[in-house]
Structures are given as C-alpha cells and as structure tokens.
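Asker: Handing you this structure, nothing more for now.
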Number of protein chains: 2
Amino acid sequence: MSDLKNTISELCQKAKEASHALSLATSETKTLFLGKIAEGLETSKSEIFSANRRDLENGRSQGLSQAMLDRLEINETRMAKMIQGVRDVADLPDPVGQSLKDWDLYNGIHMQKIRVPIGVIGIIYESRPNVTVDAGVLCLKTGNVPVLRGGKEAFQSNQALIAVMQDAAEQVGLPRAVVSFIPTTDREAIPIFCSMDQAIDLMIPRGGYGLIETVVEHARMPVIKHFHGVCHVYVHEHADLAMAESIVLNAKCQRPGVCNALETLLVDSRIAKAFVPQIVKALKEKGVEVLGDSRTSEALEETLNEPESWYMEYLDRILAIRQVDDIKEAVQHINHYGSRHTDTIVTEDESVAEQFFSAVDSASVFWNVSTRFSDGAQFGFGAEIGISTDKIHARGPMGLEELTSYKYVG
Amino acid sequence: MSDLKNTISELCQKAKEASHALSLATSETKTLFLGKIAEGLETSKSEIFSANRRDLENGRSQGLSQAMLDRLEINETRMAKMIQGVRDVADLPDPVGQSLKDWDLYNGIHMQKIRVPIGVIGIIYESRPNVTVDAGVLCLKTGNVPVLRGGKEAFQSNQALIAVMQDAAEQVGLPRAVVSFIPTTDREAIPIFCSMDQAIDLMIPRGGYGLIETVVEHARMPVIKHFHGVCHVYVHEHADLAMAESIVLNAKCQRPGVCNALETLLVDSRIAKAFVPQIVKALKEKGVEVLGDSRTSEALEETLNEPESWYMEYLDRILAIRQVDDIKEAVQHINHYGSRHTDTIVTEDESVAEQFFSAVDSASVFWNVSTRFSDGAQFGFGAEIGISTDKIHARGPMGLEELTSYKYVG
C-alpha cells in the first residue's frame with residue numbers, strides 16, 4: 001500500500017471507531033460540543049485569520065482570480081456569521097432517537113423504527129473554508145463523524161478550523177477523530193478516499209463537473225451528489241406577464257452564481273410576441289446577456305446569439321431563451337436538458353400548473369414562485385448541508401433529518 | 001461503441017422514456033396493469049412451463065446441483081404463488097402521490113413534499129425466476145420501470161415471464177418498455193449496465209459476494225445492496241435459558257439458507273457452563289454442526305472445530321459459538337464481524353437490552369426475538385423487494401415506500 005493510501009485508510013478507520021462513541025453521545029453532549037466549537041472559533045480567531053492570510057498569499061502568488069480569492073477569505077463578518085451558524089445548529093432539535101413509526105406485530109412484538117446517525121460521512125468540497133465548519137457541525141449535530149476534504153487553496157484555513165473543532169471534542173470527552181480531515185492537498189487522495197467503503201458510509205461531493213465525475217467514477221460507497229442546477233422558468237400562455245417578469249428577474253439576477261439561479265427561460269410561442277421584447281429589455285437593464293433560439297430572435301425582431309448548448313449552467317448574468325409550443329414541449333425540454341434541480345411554471349391556470357407538477361421530474365417544482373426559493377433556509381429546515389441533485393435518500397435541500405438513517409428495534 | 005453496449009444503452013434509454021409515461025399513470029391504471037399481469041401468467045402458463053423446462057434441461061446438461069435446479073423450477077404451486085403475489089401487490093395502497101409534509105412558508109407559499117416514483121430501477125439477481133415477477137411488479141406498482149437482469153440459468157423462463165408483463169402493459173395502453181430485460185446472458189453486460197447512470201436511477205443487486213463486488217466496483221448510479229446476513233444472537237448473563245434455546249433453534253434451523261438466519265451465537269462467559277452444553281445438545285439433535293472458540297470447547301468439555309473466520313455466512317446447518325465477557329464485548333464483535341443485518345439479545349434485563357439497541361449498528365436489533373422476524377411480511381409491509389444491508393435511503397426490509405423518492409411542490 002502506498003504511504004498516501006495508508007494514511008487515508010488509518011484516518012478513515014479511526015473515524016469509524018470514533019463514530020461508535022459519537023453515536024452514543026446524548027443530545028446534551030452534542031449541544032455542549034457545538035457550543036465549545038463556537039467558543040473555540042471566538043478565542044482562536046487570530047490563529048484562523050493568520051492561517052487564512054497564508055492561504056490568500058499563496059493564492060495571490062499562484063494567480064487565483066479575484067472571485068476565487070474573495071471566496072477564500074475569512075474576515076470578521078464571515079467569522080461572526082460562521083460562529084452564529086454553529087450556535088443556530090446547536091439550538092435545533094436533535095432528530096436522532098426520534099421514533100418514525102411504532103407498531104405491534106400480530107404476535108405481540110412491539111416494533112419501532114428509530115432515527116439513527118448514518119455513521120461516517122465523507123464530504124469533498126472546493127474553495128470556501130466556511131464549509132468545513134458549516135458542513136462539519138451539521139454532521140456532528142446528527143451524530144455523524146465528518147471526514148472532510150477541502151480545496152487545496154483553503155488548506156491552511158481548514159486545518160486551523162479543524163483544530164478548533166477537535167479541541168472542542170476533547171473538551172467534552174469525545175475522541176478528536178470525531179472530526180477528521182484528509183491532511184493532504186494531493187489530488188490522488190480523492191480516488192483513494194472514494195475507495196474506503198469499509199469505513200465511510202456516505203460520500204457527499206459538492207462541486208463542479210470534474211469533482212463530481214471523479215467521485216462518481218471511483219466511489220464504492222453510496223454518494224449523494226450536490227451537483228449543478230440547470231433551472232428553468234416556463235412562461236405559459238396564460239401567465240400574468242408582470243408576474244412572469246418579476247419572477248424571471250429575481251431568479252436570474254438576485255444571485256446569479258448559485259445553483260438555484262435561473263439558466264433557461266422557456267416562453268410559450270403563443271405569447272412570445274408580447275413577452276419576449278418586454279423581458280429582454282428588463283434583463284438588459286439589469287446587465288444580463290441574453291441568448292436565444294431563432295424563434296426568440298424573430299419575436300424580438302433582433303438577432304440573438306444562440307446558446308452553445310441547452311445543458312449549460314452559466315452561473316453568471318447570462319440567460320438563454322427558447323420558445324416552446326405548449327406545456328408538453330416545455331416539460332420535454334426540462335426533463336431532457338435540466339438537472340432535476342428546480343423548475344417553475346408561471347401561469348394563471350391551476351390545472352396546467354398541476355400537470356407541470358406531475359410531469360417535471362425535479363427536486364423542486366414551483367408554480368408562480370422564483371427558483372431561488374429552493375433552499376433549506378427558505379423551506380424552514382433551519383440549516384442545510386446543500387441541495388441534493390439525486391433522487392435516492394435525500395432530494396433537494398438536505399437538512400438534519402436527511403443526515404440520518406434508521407434502525408428497527410423490537 | 002460495442003454492439004453489446006449499444007444494445008444495453010438503447011434499452012436503458014427506452015426504459016427511461018417509458019418511465020415518464022408510467023410516472024403519470026394513475027393508481028387505477030397500475031392496479032389494472034398488475035391484474036392483467038396476473039391474468040396473463042394464468043393464460044400463458046404452458047408457454048412459461050415449457051420455457052422453464054428448457055432452462056431445466058440446459059441446467060441438467062451443464063451439471064447444475066440439485067439445489068440450483070430446485071431453485072430454478074417453476075411448478076404449478078410456485079406459479080399459483082407467483083400469481084397470488086401479483087394480486088396481493090395490486091391490492092396494496094399506492095404510496096405514490098402521498099403528501100409526506102405540508103407547510104406554509106413565511107411568505108404564504110404553500111409547500112408540499114410529495115412521494116414520487118424513483119424512475120428507472122435496475123435489478124440484478126441470480127437464479128430464481130420468480131424474482132422477475134415479484135420484483136418487477138413491486139417496481140411497477142410504485143410507478144418505477146424495472147430493468148431486469150436475471151441469472152443465465154433462468155434465461156428462457158425470464159424471457160417468457162417478461163413477455164407476459166409486456167403484453168399486459170400494452171393492454172392497458174402503456175409502452176412495452178415499462179418492463180425491460182437485458183436480453184443477453186453475457187457476463188460483460190453487468191459492467192456495461194452499471195455504467196448507464198444517465199438512464200438508471202437506482203441499481204439493486206441481490207446476490208452473493210461476486211455479484212455485489214462487480215456492481216459496487218462499476219456502478220455510477222446509486223446502489224442499494226441486498227447483501228449477506230451475518231446475524232448474531234447474544235445470550236446475556238441474565239437470559240432465560242429456555243427462551244434463549246428456542247430463539248437460537250428457530251433462528252438457525254427454521255430456514256438456514258436465508259439472510260436472516262443465525263450464523264454466530266455469542267454466549268456470556270458467566271453462563272457458559274450452564275448454557276453451552278444445553279444448546280449444543282439441542283443443535284446437534286437438529287443436525288446442526290457446531291463450531292466454537294477454545295473457551296466454548298472448555299465450557300462444553302469437548303473440543304469443537306474453530307470457525308475459519310467470524311465473518312462467515314454459512315447459509316447452512318452450521319453455527320459458530322463464541323464466548324464474550326460482557327455486553328461491550330458482544331457489541332464490539334457484532335459491529336466488527338457482522339453485516340449490519342439483524343442481531344438479537346436474549347436477556348431479562350431491560351436496561352441491558354436498551355444498551356444493545358443503541359450500540360449495535362444493524363438494520364434490525366431485537367430483544368428476545370428471533371432474527372427470522374427481520375422480514376417485510378413479518379413487519380406487515382405487505383411485500384418486500386428484499387432486505388437492504390445499506391444505511392442510505394432504505395435499511396432492512398424494503399417495501400413499497402422504500403421504492404419511492406419525493407419532490408417538493410409549491
């Protein structure tokens with residue numbers, strides 16, 4: 001076995017052992033633990049800032065873009081937000097131990113289906129160091145040991161944050177390995193990490209195509225992908241066009257760089273002459289570049305660039321518009337080119353909305369609601385580890401309950 | 001692309017297209033569909049029997065064991081049972097469309113979490129041809145398209161059964177591809193099938209180590225393994241020994257070849273002198289070969305063969321016995337050597353049972369109950385597709401609800 005494989009294998013094995021201890025911790029211990037993490041972040045601020053400065057310097061010298069550097073930075077505001085986030089999760093009810101079902105068998109045996117932790121959860125993510133703490137405490141709250149693998153750009157920051165969480169574990173009598181971290185930036189670590197199905201019960205990759213592809217190719221354990229969002233708004237023949245405009249502008253412009261932002265607008269051909277010029281004008285005023293198919297250009301009486309592909313997730317102030325002849329064509333487009341994330345219909349006709357709800361195969365399907373509402377906080381989940389683009393175990397915004405499994409006791 | 005890859009890819013693509021139609025079918029249509037399958041099996045009996053005879057002849061000429069030939073056979077009794085099974089599933093309530101949660105967002109948007117089909121489910125299984133129908137109809141009942149890959153020994157029987165199901169689909173206006181079948185016995189088909197994550201939403205492998213290993217290595221889509229059962233009974237210091245005896249005999253002898261049968265008996269060292277001779281005598285009377293560690297031999301005052309490994313699933317009239325000093329050691333053994341399937345403690349002490357419930361990381365954890373009760377029918381699920389040994393999405397007996405996903409509509 002290579003040194004790297006040895007290191008990762010030992011670390012995962014220790015995480016598994018630690019997960020038995022953590023799964024027996026009471027809700028009180030876990031709340032105390034999270035409180036200690038919040039305190040530790042407070043008292044270790046200067047170490048964390050200085051580790052973060054080293055990452056930023058490295059990043060600058062390696063020519064990272066300003067956007068990347070911005071994502072990497074931990075400043076006072078972000079630190080305060082991170083600490084508040086930990087306290088908020090600490091205050092949420094603990095789903096572990098809940099009885100999901102309770103019944104008597106014909107022979108008098110009393111059965112219960114009880115929520116339990118999943119065990120050890122691998123999380124592979126990219127640049128933002130706050131994910132280390134945000135995702136880490138969600139796992140800990142639900143009695144799961146996180147094994148974290150962050151982006152190489154944030155390596156120093158992540159190590160400083162991990163040390164705080166491990167110190168907090170020790171303070172409440174838990175093994176340090178209840179928070180584990182792959183201690184290398186070597187790219188080879190990912191396929192090795194993905195082969196550790198004896199120790200890791202679930203792998204959650206959060207990132208772009210390259211990362212997801214590597215994990216899907218190599219993972220032997222279950223994977224819940226947090227992949228991209230190719231989200232659609234379909235403006236139906238009987239839409240309120242003022243409402244359609246405000247939904248499209250919110251969905252595209254409020255925060256274009258996130259997965260629940262709008263990427264493709266489908267316009268019913270029966271209202272294209274009225275709606276296309278209106279929405280293109282409004283989008284351009286907001287600085288959005290508009291792409292479109294030839295029929296959209298026709299309706300606009302102006303030639304738009306055609307999109308390279310309808311599969312594109314722009315994550316930017318770019319929107320592609322396509323005309324469709326009816327709801328059937330809209331649904332076909334969405335189920336073919338979408339990423340099963342979030343899709344909206346704008347219509348005044350409830351029966352058409354019902355059809356859309358049934359036929360669109362996405363995690364969140366909305367009627368006269370912006371795609372931006374597909375979000376754990378908006379849904380009232382208290383916290384989310386991300387948005388699953390898979391259909392197994394957790395679909396859409398993934399909160400605390402989705403970080404649990406169950407067992408039958410009887 | 002090879003011919004085989006082309007064939008499988010086209011078939012999976014068609015299954016995916018058919019799944020959009022099936023997901024829109026009403027409960028009434030699905031019930032009618034299952035009724036037509038039951039009728040079709042009745043009227044096509046002679047074709048099915050003659051296909052099965054061809055499989056049996058091939059099997060005999062290839063030197064299959066009597067046990068294998070027995071598993072392969074479809075006789076009148078089994079056919080009647082299969083048909084009754086289809087009718088029973090048809091009569092179960094349809095979980096699709098159920099509202100799992102219902103709430104208003106702060107801004108007045110009404111959200112619902114609705115059960116939906118998973119989509120396309122690949123099922124890879126071994127010799128028994130009844131699985132084709134049993135697993136197939138559970139998928140169909142829940143609006144999922146099954147893509148089935150059975151064992152090569154049952155190839156003719158499976159094709160005959162599939163034809164009946166496809167004819168029934170046509171009779172109720174659904175595409176034939178709502179029941180799909182990998183039309184080759186080529187072993188190379190499995191890795192190719194496992195690469196079809198664009199079309200297959202979930203893969204369920206049911207079988208032994210070789211099959212599970214191939215699927216885990218190659219699958220790009222989510223997998224729910226139905227793997228082996230290394231089940232334990234731990235007889236605690238304060239057990240009722242007469243009860244312990246009857247539980248052990250039931251768990252080991254009632255049907256030794258199934259995954260919820262007992263494989264390893266853990267005896268508390270404080271009662272070993274009393275219990276080991278009693279249970280070994282009772283087991284030998286039932287024709288069970290007993291293996292044991294050296295301390296068990298000592299308690300018995302007779303030298304037992306030691307088991308080759310505590311990981312063994314015998315699926316036969318063989319039982320391994322080990323002494324442990326307390327519940328902690330029992331739990332450690334189970335969590336280390338077990339397969340997270342089903343484990344039982346026998347004790348009169350409720351607080352010890354509670355400890356066992358919390359600490360044992362298995363799908364079913366029982367107190368004074370035989371491991372054989374870990375079963376969908378016993379649990380009152382109406383039907384089960386198998387017993388999941390994974391912790392994600394479905395754990396333990398997997399019924400209709402576990403064959404669904406959900407979406408948020410709002």
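Just so we're on the same page: first chain in the structure tokens is A, next is B, and so on; residues restart at 1 for each chain, and ligands are numbered from 1 in the order they show up.
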Under the rule of at most 9 Å, produce a per-residue listing of chain A near chain B: chain, number, name, the closest pair of atoms, and the distance in Å, as JSON lines, using only C-alpha atoms.
Answerer:
{"residue": "A:His20", "atom": "CA", "partner": "B:Ala359", "partner_atom": "CA", "distance": 7.4}
{"residue": "A:Ser23", "atom": "CA", "partner": "B:Ala359", "partner_atom": "CA", "distance": 7.9}
{"residue": "A:Leu24", "atom": "CA", "partner": "B:Ser358", "partner_atom": "CA", "distance": 6.9}
{"residue": "A:Trp103", "atom": "CA", "partner": "B:Phe379", "partner_atom": "CA", "distance": 8.9}
{"residue": "A:Asp104", "atom": "CA", "partner": "B:Phe379", "partner_atom": "CA", "distance": 8.8}
{"residue": "A:Leu105", "atom": "CA", "partner": "B:Phe379", "partner_atom": "CA", "distance": 6.6}
{"residue": "A:Tyr106", "atom": "CA", "partner": "B:Gln378", "partner_atom": "CA", "distance": 8.3}
{"residue": "A:Ile109", "atom": "CA", "partner": "B:Val369", "partner_atom": "CA", "distance": 8.1}
{"residue": "A:Met111", "atom": "CA", "partner": "B:Phe379", "partner_atom": "CA", "distance": 8.2}
{"residue": "A:Val116", "atom": "CA", "partner": "B:Ser358", "partner_atom": "CA", "distance": 8.8}
{"residue": "A:Ile118", "atom": "CA", "partner": "B:Lys391", "partner_atom": "CA", "distance": 6.5}
{"residue": "A:Gly119", "atom": "CA", "partner": "B:Lys391", "partner_atom": "CA", "distance": 8.8}
{"residue": "A:Asp201", "atom": "CA", "partner": "B:Lys391", "partner_atom": "CA", "distance": 7.4}
{"residue": "A:Leu202", "atom": "CA", "partner": "B:Ile392", "partner_atom": "CA", "distance": 7.6}
{"residue": "A:Val216", "atom": "CA", "partner": "B:Arg220", "partner_atom": "CA", "distance": 5.5}
{"residue": "A:Glu217", "atom": "CA", "partner": "B:Arg220", "partner_atom": "CA", "distance": 6.1}
{"residue": "A:His218", "atom": "CA", "partner": "B:Glu217", "partner_atom": "CA", "distance": 7.9}
{"residue": "A:Ala219", "atom": "CA", "partner": "B:Glu217", "partner_atom": "CA", "distance": 8.1}
{"residue": "A:Arg220", "atom": "CA", "partner": "B:Val216", "partner_atom": "CA", "distance": 5.5}
{"residue": "A:Met221", "atom": "CA", "partner": "B:Val216", "partner_atom": "CA", "distance": 7.7}
{"residue": "A:Pro222", "atom": "CA", "partner": "B:Pro222", "partner_atom": "CA", "distance": 6.2}
{"residue": "A:Val223", "atom": "CA", "partner": "B:Pro222", "partner_atom": "CA", "distance": 6.7}
{"residue": "A:Ile224", "atom": "CA", "partner": "B:Pro222", "partner_atom": "CA", "distance": 8.1}
{"residue": "A:Phe357", "atom": "CA", "partner": "B:Val409", "partner_atom": "CA", "distance": 6.6}
{"residue": "A:Ser358", "atom": "CA", "partner": "B:Leu24", "partner_atom": "CA", "distance": 6.9}
{"residue": "A:Ala359", "atom": "CA", "partner": "B:Leu24", "partner_atom": "CA", "distance": 6.9}
{"residue": "A:Asp361", "atom": "CA", "partner": "B:Lys407", "partner_atom": "CA", "distance": 8.1}
{"residue": "A:Ser362", "atom": "CA", "partner": "B:Lys407", "partner_atom": "CA", "distance": 6.7}
{"residue": "A:Ala363", "atom": "CA", "partner": "B:Lys407", "partner_atom": "CA", "distance": 4.8}
{"residue": "A:Ser364", "atom": "CA", "partner": "B:Tyr408", "partner_atom": "CA", "distance": 4.6}
{"residue": "A:Val365", "atom": "CA", "partner": "B:Val409", "partner_atom": "CA", "distance": 4.9}
{"residue": "A:Phe366", "atom": "CA", "partner": "B:Gly410", "partner_atom": "CA", "distance": 4.9}
{"residue": "A:Trp367", "atom": "CA", "partner": "B:Gly410", "partner_atom": "CA", "distance": 6.1}
{"residue": "A:Asn368", "atom": "CA", "partner": "B:Gly410", "partner_atom": "CA", "distance": 8.6}
{"residue": "A:Val369", "atom": "CA", "partner": "B:Gly410", "partner_atom": "CA", "distance": 7.5}
{"residue": "A:Ser374", "atom": "CA", "partner": "B:Tyr408", "partner_atom": "CA", "distance": 8.7}
{"residue": "A:Gln378", "atom": "CA", "partner": "B:Leu105", "partner_atom": "CA", "distance": 7.2}
{"residue": "A:Phe379", "atom": "CA", "partner": "B:Leu105", "partner_atom": "CA", "distance": 6.6}
{"residue": "A:Gly380", "atom": "CA", "partner": "B:Leu105", "partner_atom": "CA", "distance": 7.3}
{"residue": "A:Asp390", "atom": "CA", "partner": "B:Asp201", "partner_atom": "CA", "distance": 8.4}
{"residue": "A:Lys391", "atom": "CA", "partner": "B:Ser405", "partner_atom": "CA", "distance": 5.9}
{"residue": "A:Ile392", "atom": "CA", "partner": "B:His393", "partner_atom": "CA", "distance": 5.9}
{"residue": "A:His393", "atom": "CA", "partner": "B:His393", "partner_atom": "CA", "distance": 3.8}
{"residue": "A:Ala394", "atom": "CA", "partner": "B:His393", "partner_atom": "CA", "distance": 7.6}
{"residue": "A:Arg395", "atom": "CA", "partner": "B:Tyr406", "partner_atom": "CA", "distance": 7.0}
{"residue": "A:Gly396", "atom": "CA", "partner": "B:Lys407", "partner_atom": "CA", "distance": 7.7}
{"residue": "A:Thr404", "atom": "CA", "partner": "B:Ile392", "partner_atom": "CA", "distance": 8.5}
{"residue": "A:Ser405", "atom": "CA", "partner": "B:Lys391", "partner_atom": "CA", "distance": 5.9}
{"residue": "A:Tyr406", "atom": "CA", "partner": "B:Arg395", "partner_atom": "CA", "distance": 7.0}
{"residue": "A:Lys407", "atom": "CA", "partner": "B:Ala363", "partner_atom": "CA", "distance": 4.8}
{"residue": "A:Tyr408", "atom": "CA", "partner": "B:Ser364", "partner_atom": "CA", "distance": 4.6}
{"residue": "A:Val409", "atom": "CA", "partner": "B:Val365", "partner_atom": "CA", "distance": 4.9}
{"residue": "A:Gly410", "atom": "CA", "partner": "B:Phe366", "partner_atom": "CA", "distance": 4.9}
Asker: Output the selection as a PDB file, in the first residue's frame - C-alpha atoms for each residue.
Answerer:
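And here's out30.pdb as it stands now:
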ATOM      1  CA  HIS A  20     -19.385   4.445  17.614  1.00  0.00           C
ATOM      2  CA  SER A  23     -23.457   7.730  18.063  1.00  0.00           C
ATOM      3  CA  LEU A  24     -23.876   7.044  21.794  1.00  0.00           C
ATOM      4  CA  TRP A 103     -46.479  -0.729  15.706  1.00  0.00           C
ATOM      5  CA  ASP A 104     -47.316  -4.158  17.112  1.00  0.00           C
ATOM      6  CA  LEU A 105     -46.729  -7.313  15.100  1.00  0.00           C
ATOM      7  CA  TYR A 106     -49.504  -9.909  15.005  1.00  0.00           C
ATOM      8  CA  ILE A 109     -43.852  -7.929  19.400  1.00  0.00           C
ATOM      9  CA  MET A 111     -41.631  -2.690  16.767  1.00  0.00           C
ATOM     10  CA  VAL A 116     -30.049   6.931  13.976  1.00  0.00           C
ATOM     11  CA  ILE A 118     -25.633   7.424   9.274  1.00  0.00           C
ATOM     12  CA  GLY A 119     -22.146   6.869  10.713  1.00  0.00           C
ATOM     13  CA  ASP A 201     -20.972   5.194   4.938  1.00  0.00           C
ATOM     14  CA  LEU A 202     -21.813   8.080   2.624  1.00  0.00           C
ATOM     15  CA  VAL A 216     -18.905   9.002  -9.299  1.00  0.00           C
ATOM     16  CA  GLU A 217     -16.218   7.051 -11.118  1.00  0.00           C
ATOM     17  CA  HIS A 218     -14.330   5.912  -8.031  1.00  0.00           C
ATOM     18  CA  ALA A 219     -16.776   5.793  -5.144  1.00  0.00           C
ATOM     19  CA  ARG A 220     -17.611   2.349  -3.793  1.00  0.00           C
ATOM     20  CA  MET A 221     -19.869   3.723  -1.037  1.00  0.00           C
ATOM     21  CA  PRO A 222     -23.236   5.479  -1.524  1.00  0.00           C
ATOM     22  CA  VAL A 223     -22.916   9.004  -2.935  1.00  0.00           C
ATOM     23  CA  ILE A 224     -25.347  11.920  -2.705  1.00  0.00           C
ATOM     24  CA  PHE A 357     -46.097  19.420 -11.001  1.00  0.00           C
ATOM     25  CA  SER A 358     -46.718  15.823 -12.084  1.00  0.00           C
ATOM     26  CA  ALA A 359     -44.666  15.745 -15.243  1.00  0.00           C
ATOM     27  CA  ASP A 361     -39.012  15.250 -12.710  1.00  0.00           C
ATOM     28  CA  SER A 362     -37.164  17.700 -10.466  1.00  0.00           C
ATOM     29  CA  ALA A 363     -36.475  18.031  -6.741  1.00  0.00           C
ATOM     30  CA  SER A 364     -38.452  21.290  -6.525  1.00  0.00           C
ATOM     31  CA  VAL A 365     -41.276  22.166  -8.901  1.00  0.00           C
ATOM     32  CA  PHE A 366     -42.868  25.567  -8.390  1.00  0.00           C
ATOM     33  CA  TRP A 367     -45.924  27.467  -9.578  1.00  0.00           C
ATOM     34  CA  ASN A 368     -45.565  31.257  -9.789  1.00  0.00           C
ATOM     35  CA  VAL A 369     -42.572  31.106  -7.431  1.00  0.00           C
ATOM     36  CA  SER A 374     -35.467  26.074  -3.450  1.00  0.00           C
ATOM     37  CA  GLN A 378     -36.398  29.244   2.797  1.00  0.00           C
ATOM     38  CA  PHE A 379     -38.018  25.843   3.392  1.00  0.00           C
ATOM     39  CA  GLY A 380     -37.607  26.376   7.136  1.00  0.00           C
ATOM     40  CA  ASP A 390     -30.009  12.795  -6.625  1.00  0.00           C
ATOM     41  CA  LYS A 391     -33.332  11.016  -6.010  1.00  0.00           C
ATOM     42  CA  ILE A 392     -32.140   8.452  -3.500  1.00  0.00           C
ATOM     43  CA  HIS A 393     -32.254   9.132   0.270  1.00  0.00           C
ATOM     44  CA  ALA A 394     -32.260  12.933   0.029  1.00  0.00           C
ATOM     45  CA  ARG A 395     -33.615  15.064  -2.776  1.00  0.00           C
ATOM     46  CA  GLY A 396     -33.429  18.847  -2.928  1.00  0.00           C
ATOM     47  CA  THR A 404     -29.875  10.341   9.421  1.00  0.00           C
ATOM     48  CA  SER A 405     -30.672   6.691   8.749  1.00  0.00           C
ATOM     49  CA  TYR A 406     -32.898   4.449  10.885  1.00  0.00           C
ATOM     50  CA  LYS A 407     -32.989   1.074  12.515  1.00  0.00           C
ATOM     51  CA  TYR A 408     -35.806  -1.249  13.524  1.00  0.00           C
ATOM     52  CA  VAL A 409     -35.855  -2.237  17.178  1.00  0.00           C
ATOM     53  CA  GLY A 410     -38.266  -4.778  18.582  1.00  0.00           C
TER      54      GLY A 410
END
Asker: Would you please give, as a list in words, all residues of segment 167-211 of chain B that DSSP assigns to alpha helix (DSSP H) based on the backbone?
Answerer: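 Listing alpha helix (DSSP H) positions across segment 167-211 of chain B yields Asp167, Ala168, Ala169, Glu170, Gln171, Ala189, Ile190, Pro191, Ile192, Phe193, Cys194, Tyr209, Gly210 and Leu211 of chain B.
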Asker: If you run DSSP on the backbone, which residues of segment 93-338 of chain A are strand (DSSP E or B), as a ChimeraX atom specification?
Answerer: /A:99-104,110-117,120-124,145-149,180-181,202-206,223,226,231-235,262-268,289-292,305,318-324
Asker: Can you work out the spacing between atom CA of Arg322 of chain A and atom CA of Thr264 of chain A in Å, to one decimal?
Answerer: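 According to the coordinates, atom CA of Arg322 of chain A and atom CA of Thr264 of chain A are separated by 7.5 Å.
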Asker: Just give me the gap between atom CA of Arg187 of chain A and atom CA of Gly151 of chain A in Å, one decimal is fine.
Answerer: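 Answer for the atom CA of Arg187 of chain A to atom CA of Gly151 of chain A separation: 9.8 Å.
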